[in-house]
>>> print(open('my_file-v4.txt').read())   # compact mmCIF, C-alpha atoms
# COMPACT_ATOMS: atom_id res chain seq x y z
CA MET Z 157 100.33 68.02 130.11
CA LEU Z 158 99.16 71.33 128.58
CA THR Z 159 95.58 70.08 128.48
CA GLN Z 160 95.72 69.79 132.27
CA ILE Z 161 96.39 73.52 132.71
CA ASN Z 162 93.24 75.31 133.80
CA ALA Z 163 91.69 77.68 131.23
CA THR Z 164 91.41 80.30 133.97
CA TYR Z 165 95.21 80.37 134.21
CA PHE Z 166 95.55 81.05 130.48
CA ALA Z 167 92.75 83.63 130.50
CA CYS Z 168 94.24 85.50 133.48
CA ALA Z 169 97.76 85.45 132.04
CA ILE Z 170 96.52 86.69 128.66
CA LEU Z 171 94.25 89.37 130.07
CA ILE Z 172 96.75 90.68 132.62
CA SER Z 173 99.57 90.90 130.08
CA SER Z 174 97.16 92.44 127.54
CA THR Z 175 95.97 95.03 130.05
CA ILE Z 176 99.52 96.08 130.90
CA PHE Z 177 100.34 96.23 127.17
CA VAL Z 178 97.27 98.36 126.39
CA ILE Z 179 98.10 100.84 129.15
CA ALA Z 180 101.73 101.14 128.00
CA TRP Z 181 100.72 101.38 124.33
CA SER Z 182 98.12 104.05 125.06
CA LEU Z 183 100.73 106.11 126.92
CA ASP Z 184 103.15 105.60 124.03
CA ALA Z 185 100.48 106.65 121.52
CA ILE Z 186 99.94 109.88 123.46
CA THR Z 187 103.67 110.55 123.12
CA HIS Z 188 103.47 109.83 119.38
CA SER Z 189 100.58 112.25 118.95
CA ARG Z 190 102.78 115.03 120.37
CA LEU Z 191 105.83 113.98 118.35
CA VAL Z 192 104.04 113.59 115.02
CA LYS Z 193 103.97 117.37 114.64
CA ILE Z 194 107.73 117.72 115.06
CA ASP Z 195 109.76 114.53 114.81
CA ILE Z 196 108.06 111.52 113.18
CA SER Z 197 108.84 110.95 109.51
CA ASP Z 198 106.55 109.41 106.93
CA LYS Z 199 108.83 106.33 106.90
CA GLU Z 200 108.37 105.87 110.67
CA LEU Z 201 104.60 106.20 110.30
CA GLN Z 202 104.77 103.61 107.52
CA THR Z 203 106.68 101.27 109.85
CA HIS Z 204 104.03 101.79 112.56
CA ARG Z 205 101.29 100.94 110.06
CA ILE Z 206 103.07 97.74 109.01
CA LEU Z 207 103.28 96.85 112.73
CA ILE Z 208 99.53 97.41 113.08
CA LEU Z 209 98.71 95.32 109.99
CA SER Z 210 101.03 92.43 110.84
CA SER Z 211 99.82 92.48 114.47
CA GLY Z 212 96.22 92.32 113.29
CA LEU Z 213 97.01 89.37 111.03
CA MET Z 214 98.84 87.64 113.87
CA GLU Z 215 95.85 88.15 116.20
CA LEU Z 216 93.48 86.81 113.53
CA CYS Z 217 95.66 83.70 113.20
CA LEU Z 218 95.54 83.21 116.97
CA VAL Z 219 91.73 83.31 116.86
CA LEU Z 220 91.65 80.87 113.94
CA MET Z 221 93.70 78.39 115.98
CA TYR Z 222 90.43 77.59 117.75
CA TRP Z 223 89.44 75.67 114.60
CA PHE Z 224 92.68 75.23 112.64
CA ASP Z 225 96.14 74.68 114.05
CA ILE Z 226 98.54 73.32 111.45
CA GLU Z 227 96.72 75.06 108.60
CA ILE Z 228 97.15 78.55 110.07
CA LEU Z 229 100.62 78.02 111.58
CA PRO Z 230 102.67 79.17 108.52
CA ILE Z 231 100.69 82.41 108.25
CA PHE Z 232 101.01 82.99 112.01
CA ILE Z 233 104.80 82.46 111.85
CA ALA Z 234 105.07 84.83 108.87
CA ALA Z 235 103.06 87.50 110.70
CA VAL Z 236 105.18 87.13 113.86
CA VAL Z 237 108.43 87.38 111.88
CA THR Z 238 107.18 90.41 109.92
CA ARG Z 239 105.95 92.11 113.07
CA THR Z 240 109.16 91.39 114.96
CA ALA Z 241 111.32 92.66 112.09
CA HIS Z 242 109.39 95.91 111.97
CA GLU Z 243 109.58 96.26 115.76
CA PHE Z 244 113.37 96.09 115.44
CA ILE Z 245 113.35 98.57 112.56
CA ASP Z 246 111.17 100.93 114.57
CA GLU Z 247 113.22 100.68 117.75
CA LEU Z 248 116.68 100.75 116.19
CA ARG Z 249 116.12 103.22 113.37
CA TYR Z 250 113.65 105.68 114.83
CA HIS Z 251 113.54 105.40 118.60
CA THR Z 252 117.07 104.81 119.83
CA ASP Z 253 118.32 108.37 119.42
CA ARG Z 254 115.05 110.17 120.09
CA CYS Z 255 113.38 108.40 122.99
CA THR Z 256 113.59 109.50 126.57
CA PHE Z 257 114.20 106.93 129.29
CA ARG Z 258 110.45 106.98 130.07
CA GLU Z 259 109.59 106.15 126.44
CA THR Z 260 112.20 103.41 126.36
CA LEU Z 261 110.67 101.90 129.51
CA LEU Z 262 107.23 102.05 127.90
CA HIS Z 263 108.60 100.19 124.87
CA LEU Z 264 110.25 97.60 127.13
CA ILE Z 265 106.95 97.03 128.95
CA MET Z 266 105.05 96.90 125.66
CA TRP Z 267 107.26 94.31 123.99
CA ILE Z 268 107.58 92.07 127.06
CA THR Z 269 103.83 92.04 127.66
CA VAL Z 270 102.79 91.67 124.03
CA ILE Z 271 105.21 88.79 123.51
CA SER Z 272 103.99 87.17 126.73
CA LYS Z 273 100.35 87.56 125.68
CA THR Z 274 101.08 86.18 122.23
CA SER Z 275 102.95 83.22 123.70
CA PHE Z 276 100.13 82.37 126.10
CA LEU Z 277 97.57 82.64 123.30
CA PHE Z 278 99.69 80.52 120.98
CA ILE Z 279 100.29 77.79 123.56
CA TRP Z 280 96.63 77.65 124.59
CA GLY Z 281 95.30 77.90 121.02
CA PHE Z 282 97.75 75.75 119.10
CA PHE Z 283 98.13 72.92 121.58
CA THR Z 284 94.62 72.74 123.08
CA HIS Z 285 92.35 74.73 120.71
CA TYR Z 286 91.52 76.98 123.68
CA GLN Z 287 90.22 74.11 125.77
CA GLY Z 288 87.93 75.42 128.52
CA LEU Z 289 87.31 78.80 126.87
CA GLU Z 290 83.56 78.21 126.74
CA LYS Z 291 83.41 77.53 130.50
CA LEU Z 292 85.04 80.77 131.65
CA HIS Z 293 83.13 83.27 133.77
CA PRO Z 294 81.48 86.06 131.69
CA ALA Z 295 83.76 88.64 133.36
CA PHE Z 296 86.67 87.23 131.31
CA TYR Z 297 84.77 87.90 128.07
CA ILE Z 298 83.87 91.45 129.14
CA TRP Z 299 87.48 92.13 130.11
CA GLY Z 300 88.68 90.77 126.76
CA ILE Z 301 86.16 92.83 124.79
CA LEU Z 302 87.26 95.98 126.63
CA ILE Z 303 90.90 95.28 125.81
CA ILE Z 304 90.09 94.61 122.15
CA GLY Z 305 88.09 97.86 122.03
CA ILE Z 306 90.93 99.92 123.50
CA MET Z 307 93.45 98.23 121.19
CA SER Z 308 91.23 99.00 118.20
CA ILE Z 309 90.85 102.67 119.15
CA THR Z 310 94.60 103.00 119.73
CA SER Z 311 95.33 101.27 116.40
CA ILE Z 312 93.03 103.64 114.53
CA LYS Z 313 94.57 106.69 116.20
CA GLU Z 314 98.11 105.46 115.49
CA TRP Z 315 97.16 104.70 111.86
CA ARG Z 316 95.73 108.18 111.31
CA GLN Z 317 98.73 110.05 112.68
CA GLY Z 318 100.44 112.26 110.18
CA LYS Z 319 97.33 112.77 108.04
>>> encode(input="my_file-v4.txt", output="structure tokens")
Amino acid sequence: MLTQINATYFACAILISSTIFVIAWSLDAITHSRLVKIDISDKELQTHRILILSSGLMELCLVLMYWFDIEILPIFIAAVVTRTAHEFIDELRYHTDRCTFRETLLHLIMWITVISKTSFLFIWGFFTHYQGLEKLHPAFYIWGILIIGIMSITSIKEWRQGK
């Protein structure tokens, strides 16, 4: 059944949710850059860095599902659990009292879209090894590279905050 789903569907779902996530995360990072001077502790920055590391590992696992599914699954699950735990720590310990409604909405958009993107990637990668990926129009690859570039820049900026 999953092998009958068109690769274009998966690519569009992943890229649209990723684009929305990147926009929301970039706006959130701008907020963090202003707050880091007044209201972000070293422990919160540490939590953000763990989120970046575990997210990177999770993304690497999703890529590796092209070749390996069962072999990479335990590491993927561990990365997702670690990332999710630190998202809860970040939201409940650091953001609940401090965030404005706008920031809370950004976080809501970020977590819904990143979980959607991750789910689409997992389903497509784990169950079909990204069947049809090679046949996609080049525009999908360009779009994906742009998103990865923006995510990388945002990750580096978030990592360097507080230094």
>>> atom_distance(input="my_file-v4.txt", atom1="atom CA of Ile265 of chain Z", atom2="atom CA of His285 of chain Z")
27.9 Å
>>> atom_distance(input="my_file-v4.txt", atom1="atom CA of Glu259 of chain Z", atom2="atom CA of Asp246 of chain Z")
13.1 Å
>>> residues_around(input="my_file-v4.txt", residues="Thr274 of chain Z", least_positions_apart="4", cutoff="8 Å", atoms="all atoms listed in the file", output="ChimeraX atom specification")
/Z:170,270,278
>>> atom_distance(input="my_file-v4.txt", atom1="atom CA of Trp280 of chain Z", atom2="atom CA of Ala163 of chain Z")
8.3 Å
>>> closest_residue(input="my_file-v4.txt", among="Z:Thr187, Z:Thr256, Z:Ser174, Z:Thr203", to="Ile268 of chain Z", atoms="all atoms listed in the file")
Z:Ser174
>>> closest_atom_pairs(input="my_file-v4.txt", of="segment 202-246 of chain Z", to="segment 306-309 of chain Z", cutoff="12 Å", atoms="all atoms listed in the file", output="Markdown table")
| residue | atom | partner | partner_atom | distance |
| --- | --- | --- | --- | --- |
| Z:Ile208 | CA | Z:Ser308 | CA | 9.9 |
| Z:Leu209 | CA | Z:Ser308 | CA | 11.7 |
| Z:Ser211 | CA | Z:Met307 | CA | 10.9 |
| Z:Gly212 | CA | Z:Ser308 | CA | 9.7 |
| Z:Glu215 | CA | Z:Met307 | CA | 11.5 |
>>> residues_around(input="my_file-v4.txt", residues="Ser173 of chain Z", least_positions_apart="2", cutoff="8 Å", atoms="all atoms listed in the file", output="short mmCIF file (atom, residue, chain, number, x, y, z; two decimals) with C-alpha atoms, in the coordinates of the input")
data_model
loop_
_atom_site.label_atom_id
_atom_site.label_comp_id
_atom_site.auth_asym_id
_atom_site.auth_seq_id
_atom_site.Cartn_x
_atom_site.Cartn_y
_atom_site.Cartn_z
CA ALA Z 169 97.76 85.45 132.04
CA ILE Z 170 96.52 86.69 128.66
CA LEU Z 171 94.25 89.37 130.07
CA THR Z 175 95.97 95.03 130.05
CA ILE Z 176 99.52 96.08 130.90
CA PHE Z 177 100.34 96.23 127.17
CA THR Z 269 103.83 92.04 127.66
CA VAL Z 270 102.79 91.67 124.03
CA SER Z 272 103.99 87.17 126.73
CA LYS Z 273 100.35 87.56 125.68
#
>>> closest_residue(input="my_file-v4.txt", among="Z:Ile279, Z:Ile186, Z:Ala241, Z:Ile206", to="Asp225 of chain Z", atoms="all atoms listed in the file")
Z:Ile279
